[in-house]
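Taking it in order: structure first as structure tokens, then the write-up.
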Amino acid sequence: CSSLAGVMLLEVFLVLGTVIIYFLLSKKKEETLPFKKGWWGKGQKPDTEEDKTIWPFKVETTEEELSDLFRRLDQARFTEPLENSCFHYGTNSVYLRKVVSYWKNQFNWKKQVEVLNKYPQFKTKIQGIDIHFVHVKPPRLPEGQSAKPLLMVHGWPGSFYEFYKIIPLLTDPASHGLSDEHIFEVICPSIPGYGFSEAPHKKDFNSISAASIFYELMLRLGFNEFYAQGGDWGWLICTNLAQIAPNHMKGLHLNLASVTNMGFIHLLSILLGRYLPRLFGFRDEDVRRMFPFLEKGLYRILLESGYAHIQATKPDTVGCGLNDSPVGLAAYILEKFSTWTDLEFHNLEDGGLERKFNLDDLLTNIMIYWVSGCIVSSMRFYKENLQKGIGTQKHERLTVQVPTGIASFPNEVMHTPQAWAQKKYTNIVSFHFMPRGGHFAALEEPELLAEDILQFVGKVEKGQLWRKK
């Protein structure tokens, strides 16, 4: 009997030893995400080496394209909204008529094209598709200082244009009343299938594919170490990039940090966090933004995520209509710029759209979607990322070791407390509750976002934190 117990004890130790060895050996492997070398061009991948040329690009539109647009705007069919419905049913067509009238009679696209072309833009072929990016270097550098490369990634339904107001604050901070201790050269690519980046021609192009392409882009530009910043899809793409190339990313700055892999403690904190905030690491502001959770969490997600369900299942169906109608496209995109800037804006007939933005900026973003014909491919990105289900992919289970800064804006649709973010981003060096602003932070509050990026990079550089990952 004692020999049997001894054998069993030995077996237990062997199993425990195997488990411990497995974890010790696999931990290192699990820390990075494999680089995804895809081919997204048309047809078969050619045997020849990919041309790595980078060529200049300018936004251009023809008179034919503009006359076609105006014909469609003239022939728009509007639906009467319900009385006193404001933006509760989506974009209010009384206000939409005003937007279309402005678009036809006052909006000067040719002038906006000049605005778009004021920053140098380029294209280069990566993994079979043409990648568009804006690349702005500092106009001047103090003696002995070098510019820090910063990759900035947009989301949906935004574009590279979202960063046009923040770029000068980062490339020339001193001229805008900011500290010039750190100066950036900014690289803003268009996600493949968005704006002027070619759309993938094959299925399964997800956030890891985009991160892999942007990693190649940064290396091709000669940047071995760089910072990355993003919100919306930019959050996920930059997060994946930090998981693929942690030794090349010095710091990751996010203005949205969603956690998709929810554990038991997360769920418990939803139930009890309002009553025992300190137990779960919640601050007063977390409690204010999150509770009551049924109203500020669950109902809000249900109310605001219909578009995501459509785009994650049948993007091409609704996309056909949006790609054919500029007014439909505007209605679809403007609704997001209203509600995601401030949920209370749905109580206003004009959706509060001109409280934080001007029509020229809003229509320039819409025109980028219209002239490039990219709305369908931009919506497909939801299907590619969500069709396998939330919480099922490897990158969702992996942590991020790269030094991370989070700017938490109060009007973001869903709030993620630092206590939750910390489980995913294990090296948060800066987490700030921003005083105002919503989802489109770079366009809406460029100064606030720029200041937060500058102070975050200051902390990382001062402590050389990337060397301690």
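Residues are named by chain letter and number: chains run A, B, ... in the order of the structure tokens, numbers start at 1 in each chain, and ligands are numbered from 1 in the order shown.
Secondary structure by DSSP on the backbone puts the following residues of range 79-145 of chain A in alpha helix (DSSP H): Ser93, Val94, Tyr95, Leu96, Arg97, Lys98, Val99, Val100, Ser101, Tyr102, Trp103, Lys104, Asn105, Trp109, Lys110, Lys111, Gln112, Val113, Glu114, Val115 and Leu116 of chain A.
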Review point. Per DSSP on the backbone, what are the strand (DSSP E or B) residues of range 85-216 of chain A, as number ranges by chain?
Key: A: 88, 90, 121-126, 129-136, 148-153, 184-189
Exercise for review: Measuring atom to atom with only C-alpha atoms, identify which of A:Leu443, A:Asn411, A:Tyr307, A:Trp103 is nearest to Ile166 in chain A.
Suggested key: A:Leu443
Exercise for review: Would you kindly return, as a PyMOL selection string, each protein, DNA or RNA residue with an atom no farther than 8 Å from any atom of Lys123 in chain A, considering only C-alpha atoms and excluding same-chain residues fewer than 6 positions away?
Suggested key: chain A and resi 54-57+130-133+197
Got time to write the residues from that selection, C-alpha atoms, as a PDB file, in the first residue's frame?
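As a result, again_11.pdb now contains:
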ATOM      1  CA  ILE A  54       7.900  54.257 -52.140  1.00  0.00           C
ATOM      2  CA  TRP A  55       6.330  56.833 -54.451  1.00  0.00           C
ATOM      3  CA  PRO A  56       4.680  60.215 -53.777  1.00  0.00           C
ATOM      4  CA  PHE A  57       0.876  60.415 -53.851  1.00  0.00           C
ATOM      5  CA  ASP A 130      -0.809  49.516 -52.275  1.00  0.00           C
ATOM      6  CA  ILE A 131      -0.558  51.127 -48.851  1.00  0.00           C
ATOM      7  CA  HIS A 132      -1.226  54.869 -48.562  1.00  0.00           C
ATOM      8  CA  PHE A 133       0.335  56.920 -45.773  1.00  0.00           C
ATOM      9  CA  SER A 197      -5.010  52.204 -49.307  1.00  0.00           C
TER      10      SER A 197
END
Exercise for review: With a distance cut-off of 8 Å and only C-alpha atoms, select the neighbouring residues of range 361-372 of chain A, excluding the residue or stretch itself and same-chain residues fewer than 4 positions from it, and output the selection as JSON, numbers by chain.
Suggested key: {"A": [61, 65, 103, 107, 109, 112, 158, 159, 161, 162, 194, 195, 196, 323, 326, 329, 330, 333, 334, 357]}
With C-alpha atoms retained, could you export that selection as a compact mmCIF listing (two decimals), in the first residue's frame?
# COMPACT_ATOMS: atom_id res chain seq x y z
CA THR A 61 -10.46 64.01 -58.39
CA GLU A 65 -16.39 62.35 -60.52
CA TRP A 103 -22.36 70.09 -49.64
CA PHE A 107 -18.48 73.03 -49.56
CA TRP A 109 -13.85 70.10 -52.26
CA GLN A 112 -10.14 70.63 -49.13
CA GLY A 158 -12.73 57.84 -39.70
CA SER A 159 -9.68 58.24 -41.91
CA TYR A 161 -7.65 63.03 -42.05
CA GLU A 162 -8.62 62.72 -38.36
CA TYR A 194 -9.90 52.50 -46.08
CA GLY A 195 -9.28 55.78 -47.89
CA PHE A 196 -6.49 55.53 -50.44
CA ASN A 323 -21.47 53.10 -52.00
CA PRO A 326 -23.57 59.93 -51.18
CA LEU A 329 -23.22 57.44 -46.93
CA ALA A 330 -23.33 60.81 -45.16
CA ILE A 333 -21.26 58.20 -41.08
CA LEU A 334 -22.62 61.42 -39.52
CA PHE A 357 -16.76 69.76 -35.62
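CA of His432 in chain A sits 28.9 Å away from CA of Leu386 in chain A.
You will find CA of Gln455 in chain A at 24.1 Å from CA of Val259 in chain A.
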Exercise for review: Give me the residues within 9 Å of Phe226 in chain A as an NGL selection string, counting only C-alpha atoms and dropping any in the same chain fewer than 5 places off.
Suggested key: :A and (148-151 or 218 or 248-251)
Exercise for review: Might you pull out every residue within 12 Å of Trp340 in chain A, with only C-alpha atoms counted and same-chain residues fewer than 4 positions away left off, and present them as an NGL selection string?
Suggested key: :A and (156-158 or 232 or 300-301 or 303-305 or 333-336 or 344-346 or 351-353 or 356 or 409-414 or 437-441 or 444)
Please produce a file of the residues just selected, as an mmCIF file, in the first residue's frame, where the atoms kept are N, CA and C atoms.
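Saved to selection.cif:
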data_model
loop_
_atom_site.group_PDB
_atom_site.id
_atom_site.type_symbol
_atom_site.label_atom_id
_atom_site.label_comp_id
_atom_site.auth_asym_id
_atom_site.auth_seq_id
_atom_site.Cartn_x
_atom_site.Cartn_y
_atom_site.Cartn_z
ATOM 1 N N TRP A 156 -12.795 53.262 -37.852
ATOM 2 C CA TRP A 156 -13.998 53.395 -38.671
ATOM 3 C C TRP A 156 -15.033 54.224 -37.904
ATOM 4 N N PRO A 157 -15.791 55.150 -38.506
ATOM 5 C CA PRO A 157 -15.746 55.558 -39.914
ATOM 6 C C PRO A 157 -14.862 56.792 -40.108
ATOM 7 N N GLY A 158 -13.665 56.741 -39.555
ATOM 8 C CA GLY A 158 -12.730 57.845 -39.697
ATOM 9 C C GLY A 158 -11.767 57.591 -40.839
ATOM 10 N N ASP A 232 -10.200 53.457 -31.576
ATOM 11 C CA ASP A 232 -11.053 52.656 -32.456
ATOM 12 C C ASP A 232 -10.225 51.472 -32.997
ATOM 13 N N ARG A 300 -26.376 50.556 -23.294
ATOM 14 C CA ARG A 300 -25.635 51.441 -24.194
ATOM 15 C C ARG A 300 -25.012 50.647 -25.338
ATOM 16 N N ILE A 301 -24.434 49.503 -24.995
ATOM 17 C CA ILE A 301 -23.822 48.641 -26.024
ATOM 18 C C ILE A 301 -24.897 48.162 -27.004
ATOM 19 N N LEU A 303 -27.753 49.567 -27.667
ATOM 20 C CA LEU A 303 -28.275 50.716 -28.399
ATOM 21 C C LEU A 303 -27.324 51.168 -29.504
ATOM 22 N N GLU A 304 -26.031 51.030 -29.259
ATOM 23 C CA GLU A 304 -25.040 51.606 -30.179
ATOM 24 C C GLU A 304 -24.311 50.601 -31.060
ATOM 25 N N SER A 305 -24.659 49.322 -30.973
ATOM 26 C CA SER A 305 -23.835 48.340 -31.702
ATOM 27 C C SER A 305 -24.541 47.656 -32.866
ATOM 28 N N ILE A 333 -22.499 57.791 -41.762
ATOM 29 C CA ILE A 333 -21.265 58.202 -41.079
ATOM 30 C C ILE A 333 -21.527 59.320 -40.064
ATOM 31 N N LEU A 334 -22.367 60.287 -40.422
ATOM 32 C CA LEU A 334 -22.616 61.420 -39.518
ATOM 33 C C LEU A 334 -23.243 60.982 -38.202
ATOM 34 N N GLU A 335 -24.080 59.962 -38.267
ATOM 35 C CA GLU A 335 -24.717 59.476 -37.037
ATOM 36 C C GLU A 335 -23.661 59.068 -36.007
ATOM 37 N N LYS A 336 -22.574 58.440 -36.483
ATOM 38 C CA LYS A 336 -21.502 58.022 -35.572
ATOM 39 C C LYS A 336 -20.753 59.230 -35.007
ATOM 40 N N GLU A 344 -25.444 62.303 -25.429
ATOM 41 C CA GLU A 344 -26.575 63.214 -25.206
ATOM 42 C C GLU A 344 -26.982 63.963 -26.470
ATOM 43 N N PHE A 345 -26.094 63.976 -27.478
ATOM 44 C CA PHE A 345 -26.397 64.675 -28.722
ATOM 45 C C PHE A 345 -27.591 64.087 -29.474
ATOM 46 N N HIS A 346 -27.990 62.852 -29.100
ATOM 47 C CA HIS A 346 -29.155 62.288 -29.815
ATOM 48 C C HIS A 346 -30.449 63.010 -29.434
ATOM 49 N N GLY A 351 -28.162 66.718 -34.066
ATOM 50 C CA GLY A 351 -27.214 65.731 -33.557
ATOM 51 C C GLY A 351 -25.961 66.338 -32.934
ATOM 52 N N GLY A 352 -26.003 67.662 -32.671
ATOM 53 C CA GLY A 352 -24.847 68.332 -32.045
ATOM 54 C C GLY A 352 -23.593 68.302 -32.895
ATOM 55 N N LEU A 353 -23.746 67.993 -34.188
ATOM 56 C CA LEU A 353 -22.572 67.757 -35.042
ATOM 57 C C LEU A 353 -21.659 68.966 -35.184
ATOM 58 N N LYS A 356 -18.815 70.370 -32.006
ATOM 59 C CA LYS A 356 -17.413 69.966 -31.858
ATOM 60 C C LYS A 356 -16.659 69.927 -33.186
ATOM 61 N N PHE A 409 -11.191 59.242 -22.436
ATOM 62 C CA PHE A 409 -12.089 60.380 -22.667
ATOM 63 C C PHE A 409 -13.484 60.082 -22.127
ATOM 64 N N PRO A 410 -14.113 61.083 -21.470
ATOM 65 C CA PRO A 410 -15.360 60.827 -20.739
ATOM 66 C C PRO A 410 -16.547 60.419 -21.614
ATOM 67 N N ASN A 411 -16.569 60.857 -22.893
ATOM 68 C CA ASN A 411 -17.730 60.547 -23.727
ATOM 69 C C ASN A 411 -17.512 59.362 -24.650
ATOM 70 N N GLU A 412 -16.464 58.591 -24.386
ATOM 71 C CA GLU A 412 -16.289 57.338 -25.124
ATOM 72 C C GLU A 412 -17.498 56.456 -24.824
ATOM 73 N N VAL A 413 -17.954 55.691 -25.821
ATOM 74 C CA VAL A 413 -19.184 54.900 -25.659
ATOM 75 C C VAL A 413 -19.083 53.955 -24.462
ATOM 76 N N MET A 414 -17.964 53.251 -24.340
ATOM 77 C CA MET A 414 -17.768 52.343 -23.203
ATOM 78 C C MET A 414 -16.503 52.716 -22.452
ATOM 79 N N GLY A 437 -14.319 65.348 -24.117
ATOM 80 C CA GLY A 437 -14.025 64.714 -25.402
ATOM 81 C C GLY A 437 -14.606 63.320 -25.510
ATOM 82 N N GLY A 438 -14.719 62.875 -26.750
ATOM 83 C CA GLY A 438 -15.302 61.564 -27.017
ATOM 84 C C GLY A 438 -14.411 60.689 -27.887
ATOM 85 N N HIS A 439 -15.066 59.959 -28.783
ATOM 86 C CA HIS A 439 -14.429 58.885 -29.535
ATOM 87 C C HIS A 439 -13.380 59.370 -30.548
ATOM 88 N N PHE A 440 -13.687 60.472 -31.234
ATOM 89 C CA PHE A 440 -12.785 60.961 -32.293
ATOM 90 C C PHE A 440 -11.822 62.004 -31.711
ATOM 91 N N ALA A 441 -11.042 61.567 -30.733
ATOM 92 C CA ALA A 441 -10.261 62.491 -29.899
ATOM 93 C C ALA A 441 -9.301 63.370 -30.695
ATOM 94 N N GLU A 444 -11.364 65.978 -32.439
ATOM 95 C CA GLU A 444 -12.219 66.777 -31.555
ATOM 96 C C GLU A 444 -11.411 67.581 -30.528
#
Neighbouring residues of range 199-205 of chain A were defined as those with any atom within 9 Å, considering only C-alpha atoms; residues of the same chain fewer than 4 positions away were excluded. Please report them as a tab-separated table (two decimals) with N, CA, C and O atoms, in the first residue's frame.
chain	number	residue	atom	x	y	z
A	38	GLY	N	1.06	37.76	-45.27
A	38	GLY	CA	-0.05	37.41	-46.16
A	38	GLY	C	0.23	37.85	-47.59
A	38	GLY	O	1.23	38.50	-47.89
A	39	TRP	N	-0.67	37.50	-48.46
A	39	TRP	CA	-0.67	38.02	-49.84
A	39	TRP	C	-2.10	38.43	-50.12
A	39	TRP	O	-3.02	37.60	-50.16
A	40	TRP	N	-2.32	39.74	-50.29
A	40	TRP	CA	-3.68	40.26	-50.39
A	40	TRP	C	-4.01	40.82	-51.77
A	40	TRP	O	-5.07	41.38	-51.99
A	41	GLY	N	-3.06	40.65	-52.70
A	41	GLY	CA	-3.28	41.14	-54.06
A	41	GLY	C	-4.24	40.26	-54.83
A	41	GLY	O	-4.71	39.23	-54.35
A	42	LYS	N	-4.52	40.66	-56.07
A	42	LYS	CA	-5.42	39.87	-56.93
A	42	LYS	C	-4.73	38.60	-57.40
A	42	LYS	O	-3.53	38.60	-57.68
A	43	GLY	N	-5.51	37.54	-57.52
A	43	GLY	CA	-5.00	36.30	-58.11
A	43	GLY	C	-3.88	35.65	-57.35
A	43	GLY	O	-3.73	35.82	-56.15
A	128	GLY	N	1.28	42.65	-51.48
A	128	GLY	CA	0.43	42.59	-52.68
A	128	GLY	C	-0.54	43.73	-52.87
A	128	GLY	O	-1.26	43.78	-53.87
A	129	ILE	N	-0.63	44.67	-51.90
A	129	ILE	CA	-1.56	45.79	-52.05
A	129	ILE	C	-0.87	47.13	-51.79
A	129	ILE	O	0.09	47.20	-51.02
A	130	ASP	N	-1.38	48.18	-52.43
A	130	ASP	CA	-0.81	49.52	-52.27
A	130	ASP	C	-1.25	50.13	-50.95
A	130	ASP	O	-2.45	50.24	-50.69
A	191	ILE	N	-5.69	52.35	-43.19
A	191	ILE	CA	-5.88	50.90	-43.05
A	191	ILE	C	-6.24	50.34	-44.43
A	191	ILE	O	-7.05	50.94	-45.15
A	192	PRO	N	-5.66	49.21	-44.84
A	192	PRO	CA	-6.06	48.62	-46.12
A	192	PRO	C	-7.58	48.47	-46.22
A	192	PRO	O	-8.22	47.97	-45.29
A	193	GLY	N	-8.13	48.96	-47.33
A	193	GLY	CA	-9.59	48.96	-47.50
A	193	GLY	C	-10.24	50.25	-47.03
A	193	GLY	O	-11.45	50.41	-47.10
A	194	TYR	N	-9.42	51.18	-46.52
A	194	TYR	CA	-9.90	52.50	-46.08
A	194	TYR	C	-9.18	53.58	-46.89
A	194	TYR	O	-7.97	53.45	-47.16
A	209	SER	N	-3.32	41.21	-39.57
A	209	SER	CA	-2.83	41.43	-40.94
A	209	SER	C	-2.43	42.89	-41.11
A	209	SER	O	-1.36	43.20	-41.66
A	210	ALA	N	-3.29	43.81	-40.64
A	210	ALA	CA	-3.01	45.25	-40.75
A	210	ALA	C	-1.77	45.61	-39.93
A	210	ALA	O	-0.90	46.36	-40.40
A	374	CYS	N	-14.58	53.30	-50.80
A	374	CYS	CA	-14.04	52.29	-49.86
A	374	CYS	C	-15.02	51.87	-48.76
A	374	CYS	O	-14.64	51.10	-47.89
A	377	SER	N	-15.38	47.93	-48.31
A	377	SER	CA	-14.17	47.26	-47.80
A	377	SER	C	-13.85	47.69	-46.38
A	377	SER	O	-13.34	46.91	-45.58
A	378	SER	N	-14.19	48.94	-46.02
A	378	SER	CA	-13.95	49.39	-44.65
A	378	SER	C	-14.86	48.65	-43.67
A	378	SER	O	-14.46	48.31	-42.57
A	380	ARG	N	-16.08	45.63	-44.12
A	380	ARG	CA	-15.70	44.20	-44.07
A	380	ARG	C	-14.71	43.91	-42.94
A	380	ARG	O	-14.62	42.78	-42.46
A	381	PHE	N	-13.96	44.93	-42.54
A	381	PHE	CA	-12.96	44.75	-41.48
A	381	PHE	C	-13.62	44.23	-40.20
A	381	PHE	O	-13.00	43.51	-39.41
A	383	LYS	N	-16.25	42.15	-40.12
A	383	LYS	CA	-16.48	40.71	-40.30
A	383	LYS	C	-15.18	39.93	-40.10
A	383	LYS	O	-15.16	38.91	-39.39
A	384	GLU	N	-14.10	40.44	-40.69
A	384	GLU	CA	-12.83	39.72	-40.58
A	384	GLU	C	-12.34	39.63	-39.13
A	384	GLU	O	-11.71	38.66	-38.74
A	385	ASN	N	-12.64	40.64	-38.33
A	385	ASN	CA	-12.17	40.65	-36.95
A	385	ASN	C	-13.13	39.98	-35.97
A	385	ASN	O	-12.71	39.51	-34.92
